[in-house]
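*Asks:* Data file entry25.pdb (PDB, C-alpha atoms, pLDDT in the B column) is appended below.
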ATOM      1  CA  MET L1067     -51.287  52.954 184.139  1.00 80.00           C
ATOM      2  CA  THR L1068     -51.565  56.507 182.883  1.00 90.00           C
ATOM      3  CA  ARG L1069     -51.028  57.023 179.181  1.00 95.00           C
ATOM      4  CA  LEU L1070     -49.834  60.304 177.767  1.00 98.00           C
ATOM      5  CA  ILE L1071     -50.853  61.444 174.294  1.00 98.00           C
ATOM      6  CA  LEU L1072     -48.723  64.131 172.670  1.00 98.00           C
ATOM      7  CA  ALA L1073     -50.491  65.484 169.590  1.00 98.00           C
ATOM      8  CA  VAL L1074     -48.907  67.743 166.984  1.00 98.00           C
ATOM      9  CA  ASP L1075     -50.408  69.751 164.140  1.00 96.00           C
ATOM     10  CA  PRO L1076     -47.182  70.755 162.335  1.00 95.00           C
ATOM     11  CA  GLY L1077     -46.779  73.901 160.261  1.00 91.00           C
ATOM     12  CA  LYS L1078     -45.342  77.406 160.250  1.00 91.00           C
ATOM     13  CA  ALA L1079     -47.515  77.856 163.333  1.00 94.00           C
ATOM     14  CA  SER L1080     -47.995  74.493 165.054  1.00 96.00           C
ATOM     15  CA  GLY L1081     -50.593  73.253 167.474  1.00 98.00           C
ATOM     16  CA  ILE L1082     -49.338  70.959 170.230  1.00 98.00           C
ATOM     17  CA  CYS L1083     -51.168  69.438 173.197  1.00 98.00           C
ATOM     18  CA  LEU L1084     -50.623  66.842 175.889  1.00 98.00           C
ATOM     19  CA  PHE L1085     -53.356  64.610 177.327  1.00 98.00           C
ATOM     20  CA  SER L1086     -53.228  62.049 180.114  1.00 98.00           C
ATOM     21  CA  TRP L1087     -55.623  59.125 180.226  1.00 97.00           C
ATOM     22  CA  ASP L1088     -56.358  56.313 182.640  1.00 94.00           C
ATOM     23  CA  GLU L1089     -58.608  53.700 181.065  1.00 88.00           C
ATOM     24  CA  GLY L1090     -62.184  53.954 182.327  1.00 88.00           C
ATOM     25  CA  GLU L1091     -61.839  57.665 183.084  1.00 94.00           C
ATOM     26  CA  GLU L1092     -62.155  60.829 181.056  1.00 95.00           C
ATOM     27  CA  PRO L1093     -58.921  62.049 179.478  1.00 97.00           C
ATOM     28  CA  LYS L1094     -57.376  65.161 181.012  1.00 98.00           C
ATOM     29  CA  ILE L1095     -55.851  67.865 178.897  1.00 98.00           C
ATOM     30  CA  LEU L1096     -52.617  68.865 180.603  1.00 98.00           C
ATOM     31  CA  TRP L1097     -51.885  71.747 178.228  1.00 98.00           C
ATOM     32  CA  SER L1098     -52.381  72.994 174.695  1.00 98.00           C
ATOM     33  CA  GLY L1099     -50.880  75.810 172.697  1.00 98.00           C
ATOM     34  CA  GLU L1100     -49.848  77.295 169.403  1.00 98.00           C
ATOM     35  CA  TYR L1101     -46.164  77.735 168.717  1.00 98.00           C
ATOM     36  CA  GLN L1102     -44.105  79.539 166.109  1.00 96.00           C
ATOM     37  CA  GLN L1103     -41.119  77.845 164.484  1.00 93.00           C
ATOM     38  CA  HIS L1104     -38.595  79.098 167.051  1.00 95.00           C
ATOM     39  CA  GLU L1105     -40.797  77.844 169.928  1.00 97.00           C
ATOM     40  CA  TYR L1106     -41.805  74.482 168.471  1.00 97.00           C
ATOM     41  CA  ALA L1107     -39.226  72.101 169.978  1.00 98.00           C
ATOM     42  CA  ASP L1108     -39.508  73.294 173.591  1.00 98.00           C
ATOM     43  CA  PRO L1109     -43.045  72.022 174.404  1.00 98.00           C
ATOM     44  CA  ILE L1110     -42.265  68.676 172.779  1.00 98.00           C
ATOM     45  CA  ARG L1111     -39.104  68.288 174.847  1.00 98.00           C
ATOM     46  CA  ARG L1112     -41.050  69.378 177.937  1.00 98.00           C
ATOM     47  CA  ALA L1113     -43.655  66.659 177.272  1.00 98.00           C
ATOM     48  CA  PHE L1114     -40.973  63.959 177.058  1.00 98.00           C
ATOM     49  CA  LEU L1115     -39.360  65.208 180.283  1.00 97.00           C
ATOM     50  CA  TYR L1116     -42.770  65.190 181.982  1.00 97.00           C
ATOM     51  CA  ALA L1117     -43.297  61.592 180.827  1.00 97.00           C
ATOM     52  CA  ARG L1118     -39.917  60.585 182.243  1.00 95.00           C
ATOM     53  CA  GLY L1119     -40.699  62.341 185.540  1.00 94.00           C
ATOM     54  CA  THR L1120     -44.060  60.581 185.900  1.00 94.00           C
ATOM     55  CA  ASN L1121     -42.716  57.256 184.616  1.00 91.00           C
ATOM     56  CA  SER L1122     -45.330  57.286 181.840  1.00 92.00           C
ATOM     57  CA  ARG L1123     -44.988  56.282 178.224  1.00 90.00           C
ATOM     58  CA  ILE L1124     -45.864  58.931 175.701  1.00 96.00           C
ATOM     59  CA  GLU L1125     -47.752  58.134 172.499  1.00 97.00           C
ATOM     60  CA  VAL L1126     -47.055  60.617 169.730  1.00 98.00           C
ATOM     61  CA  VAL L1127     -49.726  61.436 167.169  1.00 98.00           C
ATOM     62  CA  CYS L1128     -49.216  63.847 164.311  1.00 98.00           C
ATOM     63  CA  GLU L1129     -51.264  65.196 161.465  1.00 95.00           C
ATOM     64  CA  ARG L1130     -50.262  63.467 158.244  1.00 91.00           C
ATOM     65  CA  PHE L1131     -48.834  65.897 155.739  1.00 80.00           C
ATOM     66  CA  THR L1132     -48.833  64.830 152.120  1.00 66.00           C
ATOM     67  CA  ILE L1133     -47.396  66.889 149.301  1.00 60.00           C
ATOM     68  CA  ASN L1134     -49.679  66.838 146.297  1.00 54.00           C
ATOM     69  CA  ALA L1135     -50.342  69.081 143.286  1.00 55.00           C
ATOM     70  CA  GLN L1136     -52.506  71.445 145.374  1.00 58.00           C
ATOM     71  CA  THR L1137     -49.813  71.750 148.054  1.00 54.00           C
ATOM     72  CA  VAL L1138     -47.280  72.765 145.412  1.00 54.00           C
ATOM     73  CA  LYS L1139     -49.677  75.396 144.000  1.00 57.00           C
ATOM     74  CA  ASN L1140     -50.363  76.837 147.464  1.00 57.00           C
ATOM     75  CA  SER L1141     -46.816  77.142 148.757  1.00 58.00           C
ATOM     76  CA  GLN L1142     -43.278  75.929 148.379  1.00 54.00           C
ATOM     77  CA  ALA L1143     -42.768  76.311 152.139  1.00 60.00           C
ATOM     78  CA  PRO L1144     -41.779  72.958 153.670  1.00 79.00           C
ATOM     79  CA  TYR L1145     -42.740  73.951 157.239  1.00 85.00           C
ATOM     80  CA  SER L1146     -44.816  70.891 158.090  1.00 89.00           C
ATOM     81  CA  LEU L1147     -42.208  68.421 156.843  1.00 88.00           C
ATOM     82  CA  GLU L1148     -39.456  70.279 158.693  1.00 91.00           C
ATOM     83  CA  GLN L1149     -41.469  70.227 161.932  1.00 94.00           C
ATOM     84  CA  ILE L1150     -42.105  66.486 161.565  1.00 95.00           C
ATOM     85  CA  GLY L1151     -38.338  66.010 161.188  1.00 94.00           C
ATOM     86  CA  ILE L1152     -37.738  67.944 164.411  1.00 96.00           C
ATOM     87  CA  LEU L1153     -40.376  65.818 166.165  1.00 97.00           C
ATOM     88  CA  LYS L1154     -38.628  62.635 165.004  1.00 97.00           C
ATOM     89  CA  GLN L1155     -35.243  63.935 166.185  1.00 98.00           C
ATOM     90  CA  ILE L1156     -36.613  64.748 169.640  1.00 98.00           C
ATOM     91  CA  MET L1157     -38.082  61.252 169.832  1.00 97.00           C
ATOM     92  CA  MET L1158     -34.670  59.756 169.001  1.00 98.00           C
ATOM     93  CA  ASP L1159     -33.041  62.037 171.600  1.00 97.00           C
ATOM     94  CA  HIS L1160     -35.337  60.366 174.142  1.00 97.00           C
ATOM     95  CA  GLY L1161     -34.603  56.825 173.000  1.00 96.00           C
ATOM     96  CA  ARG L1162     -37.755  56.421 170.928  1.00 96.00           C
ATOM     97  CA  ASP L1163     -38.109  55.078 167.423  1.00 97.00           C
ATOM     98  CA  PRO L1164     -39.138  57.959 165.137  1.00 95.00           C
ATOM     99  CA  TYR L1165     -41.411  55.571 163.268  1.00 95.00           C
ATOM    100  CA  ASP L1166     -43.572  55.154 166.387  1.00 96.00           C
ATOM    101  CA  ILE L1167     -45.561  58.246 165.413  1.00 97.00           C
ATOM    102  CA  TYR L1168     -49.245  57.659 164.705  1.00 97.00           C
ATOM    103  CA  PHE L1169     -50.051  59.736 161.627  1.00 97.00           C
ATOM    104  CA  GLN L1170     -53.688  60.679 161.076  1.00 97.00           C
ATOM    105  CA  SER L1171     -55.451  62.518 158.314  1.00 95.00           C
ATOM    106  CA  PRO L1172     -56.714  66.021 159.036  1.00 94.00           C
ATOM    107  CA  ALA L1173     -60.069  65.120 157.427  1.00 94.00           C
ATOM    108  CA  ASP L1174     -60.605  62.163 159.799  1.00 96.00           C
ATOM    109  CA  ALA L1175     -59.814  64.256 162.879  1.00 96.00           C
ATOM    110  CA  LYS L1176     -62.082  67.136 161.806  1.00 96.00           C
ATOM    111  CA  ALA L1177     -64.943  64.825 160.872  1.00 96.00           C
ATOM    112  CA  MET L1178     -64.813  62.943 164.179  1.00 96.00           C
ATOM    113  CA  PHE L1179     -64.263  65.950 166.459  1.00 98.00           C
ATOM    114  CA  THR L1180     -65.943  69.085 165.159  1.00 97.00           C
ATOM    115  CA  ASN L1181     -65.689  72.371 167.054  1.00 97.00           C
ATOM    116  CA  ASP L1182     -69.097  71.727 168.639  1.00 97.00           C
ATOM    117  CA  LYS L1183     -67.962  68.324 169.887  1.00 97.00           C
ATOM    118  CA  ILE L1184     -64.742  69.738 171.326  1.00 98.00           C
ATOM    119  CA  ARG L1185     -66.789  72.364 173.185  1.00 97.00           C
ATOM    120  CA  THR L1186     -69.194  69.711 174.495  1.00 97.00           C
ATOM    121  CA  LEU L1187     -66.241  67.639 175.728  1.00 97.00           C
ATOM    122  CA  GLU L1188     -64.828  70.793 177.382  1.00 97.00           C
ATOM    123  CA  TYR L1189     -61.429  70.603 175.679  1.00 98.00           C
ATOM    124  CA  TRP L1190     -61.729  73.949 173.919  1.00 97.00           C
ATOM    125  CA  HIS L1191     -58.543  75.976 173.445  1.00 97.00           C
ATOM    126  CA  ARG L1192     -59.054  79.735 173.518  1.00 94.00           C
ATOM    127  CA  GLY L1193     -57.013  81.992 171.280  1.00 92.00           C
ATOM    128  CA  GLY L1194     -54.750  81.419 168.356  1.00 93.00           C
ATOM    129  CA  GLU L1195     -55.586  80.459 164.789  1.00 94.00           C
ATOM    130  CA  GLY L1196     -57.064  77.001 165.399  1.00 95.00           C
ATOM    131  CA  HIS L1197     -53.829  75.002 165.284  1.00 97.00           C
ATOM    132  CA  ALA L1198     -54.092  74.016 168.963  1.00 98.00           C
ATOM    133  CA  LEU L1199     -57.647  72.842 168.299  1.00 98.00           C
ATOM    134  CA  ASP L1200     -56.374  70.697 165.430  1.00 97.00           C
ATOM    135  CA  ALA L1201     -53.820  69.113 167.771  1.00 98.00           C
ATOM    136  CA  ILE L1202     -56.624  68.466 170.287  1.00 98.00           C
ATOM    137  CA  ARG L1203     -58.691  66.808 167.530  1.00 98.00           C
ATOM    138  CA  HIS L1204     -55.792  64.477 166.756  1.00 98.00           C
ATOM    139  CA  ALA L1205     -55.307  63.599 170.423  1.00 98.00           C
ATOM    140  CA  LEU L1206     -59.019  62.834 170.812  1.00 98.00           C
ATOM    141  CA  LEU L1207     -59.073  60.723 167.650  1.00 98.00           C
ATOM    142  CA  ARG L1208     -56.075  58.717 168.885  1.00 98.00           C
ATOM    143  CA  LEU L1209     -57.787  58.244 172.262  1.00 97.00           C
ATOM    144  CA  ALA L1210     -60.978  57.054 170.553  1.00 97.00           C
ATOM    145  CA  LYS L1211     -58.957  54.591 168.469  1.00 96.00           C
ATOM    146  CA  SER L1212     -57.388  53.367 171.725  1.00 94.00           C
ATOM    147  CA  GLY L1213     -60.713  52.547 173.354  1.00 94.00           C
ATOM    148  CA  TRP L1214     -61.876  55.804 174.958  1.00 96.00           C
ATOM    149  CA  ILE L1215     -65.605  56.382 174.526  1.00 95.00           C
ATOM    150  CA  PRO L1216     -66.569  60.086 174.600  1.00 96.00           C
ATOM    151  CA  LYS L1217     -69.708  59.525 176.700  1.00 92.00           C
ATOM    152  CA  LYS L1218     -70.622  63.222 176.808  1.00 92.00           C
ATOM    153  CA  LEU L1219     -71.290  63.017 173.068  1.00 92.00           C
ATOM    154  CA  LEU L1220     -73.697  60.104 173.479  1.00 88.00           C
ATOM    155  CA  LYS L1221     -76.233  62.006 175.577  1.00 75.00           C
TER
END
What would the structure in this file look like if it were written as structure tokens?

*Replies:*
Amino acid sequence: MTRLILAVDPGKASGICLFSWDEGEEPKILWSGEYQQHEYADPIRRAFLYARGTNSRIEVVCERFTINAQTVKNSQAPYSLEQIGILKQIMMDHGRDPYDIYFQSPADAKAMFTNDKIRTLEYWHRGGEGHALDAIRHALLRLAKSGWIPKKLLK
């Protein structure tokens, strides 16, 4: 059965991507992009509609956002938390538990899937400010945790 992985890097500008994966095969990136606040909900809704149309279950992975002393010094803007709330609402709109999101640390995703590794795996996103690449990192990390072995990196 095909699994879909929807990965989100939330923020003022958000990276979002959708992968499909059949165990034993290489994952396929269906699309990736960077979206401003007013565009953010549409690709997420589109991913859930695609899942319904293909009779696939979507796994949602999101970058963990933690407010700490440094966050407060940098900005009072709550963009990431607001975007996570929108993501949870869309999940509920599609009959999903909003606590089914797999949250991952940005450091883990960047350490596991550097830019060079993403290029080698041929999942590079051109353009933007790197938010789509961060979403791709999170999707790949979730896939690796689910049993996918990135064989191209083992050569």

*Asks:* Which residues come within 10 Å of Asp1200 of chain L, counting only C-alpha atoms, excluding same-chain residues fewer than 5 positions away, as a ChimeraX atom specification?

*Replies:* /L:1073-1076,1080-1083,1128-1129,1172,1175-1176,1179-1181,1191,1195,1205-1206

*Asks:* Go ahead and save the residues from that selection, with C-alpha atoms, as a CSV table (one decimal), in the frame of the given file.

*Replies:*
chain,number,residue,atom,x,y,z
L,1073,ALA,CA,-50.5,65.5,169.6
L,1074,VAL,CA,-48.9,67.7,167.0
L,1075,ASP,CA,-50.4,69.8,164.1
L,1076,PRO,CA,-47.2,70.8,162.3
L,1080,SER,CA,-48.0,74.5,165.1
L,1081,GLY,CA,-50.6,73.3,167.5
L,1082,ILE,CA,-49.3,71.0,170.2
L,1083,CYS,CA,-51.2,69.4,173.2
L,1128,CYS,CA,-49.2,63.8,164.3
L,1129,GLU,CA,-51.3,65.2,161.5
L,1172,PRO,CA,-56.7,66.0,159.0
L,1175,ALA,CA,-59.8,64.3,162.9
L,1176,LYS,CA,-62.1,67.1,161.8
L,1179,PHE,CA,-64.3,66.0,166.5
L,1180,THR,CA,-65.9,69.1,165.2
L,1181,ASN,CA,-65.7,72.4,167.1
L,1191,HIS,CA,-58.5,76.0,173.4
L,1195,GLU,CA,-55.6,80.5,164.8
L,1205,ALA,CA,-55.3,63.6,170.4
L,1206,LEU,CA,-59.0,62.8,170.8

*Asks:* Hey, what's within 10 Å of segment 1091-1106 of chain L if we count only C-alpha atoms and toss same-chain stuff fewer than 2 positions away? As a PyMOL selection string, please?

*Replies:* chain L and resi 1068-1089+1108-1111+1113+1145+1148-1149+1152-1153+1187-1199+1201-1202+1205-1206+1209+1214-1218

*Asks:* Quick check, in Å to one decimal: how far apart do atom CA of Gly1090 of chain L and atom CA of Asp1163 of chain L lie?

*Replies:*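 Result for atom CA of Gly1090 of chain L versus atom CA of Asp1163 of chain L: 28.3 Å, one decimal.
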
*Asks:* Given all atoms listed in the file as the basis, pick out the residue of L:Ile1184, L:Leu1207, L:Met1178, L:Val1126 nearest to Ile1156 of chain L.

*Replies:* L:Val1126

*Asks:* By how many Å are atom CA of Leu1220 of chain L and atom CA of Ser1122 of chain L apart?

*Replies:* 29.7 Å

*Asks:* Could you check the closest approach to Pro1164 of chain L for each of L:Val1127, L:Ala1117, L:Ala1177, L:Leu1219 and tell me which residue wins, using only C-alpha atoms?

*Replies:*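 That would be L:Val1127, the residue with the smallest distance to Pro1164 of chain L.
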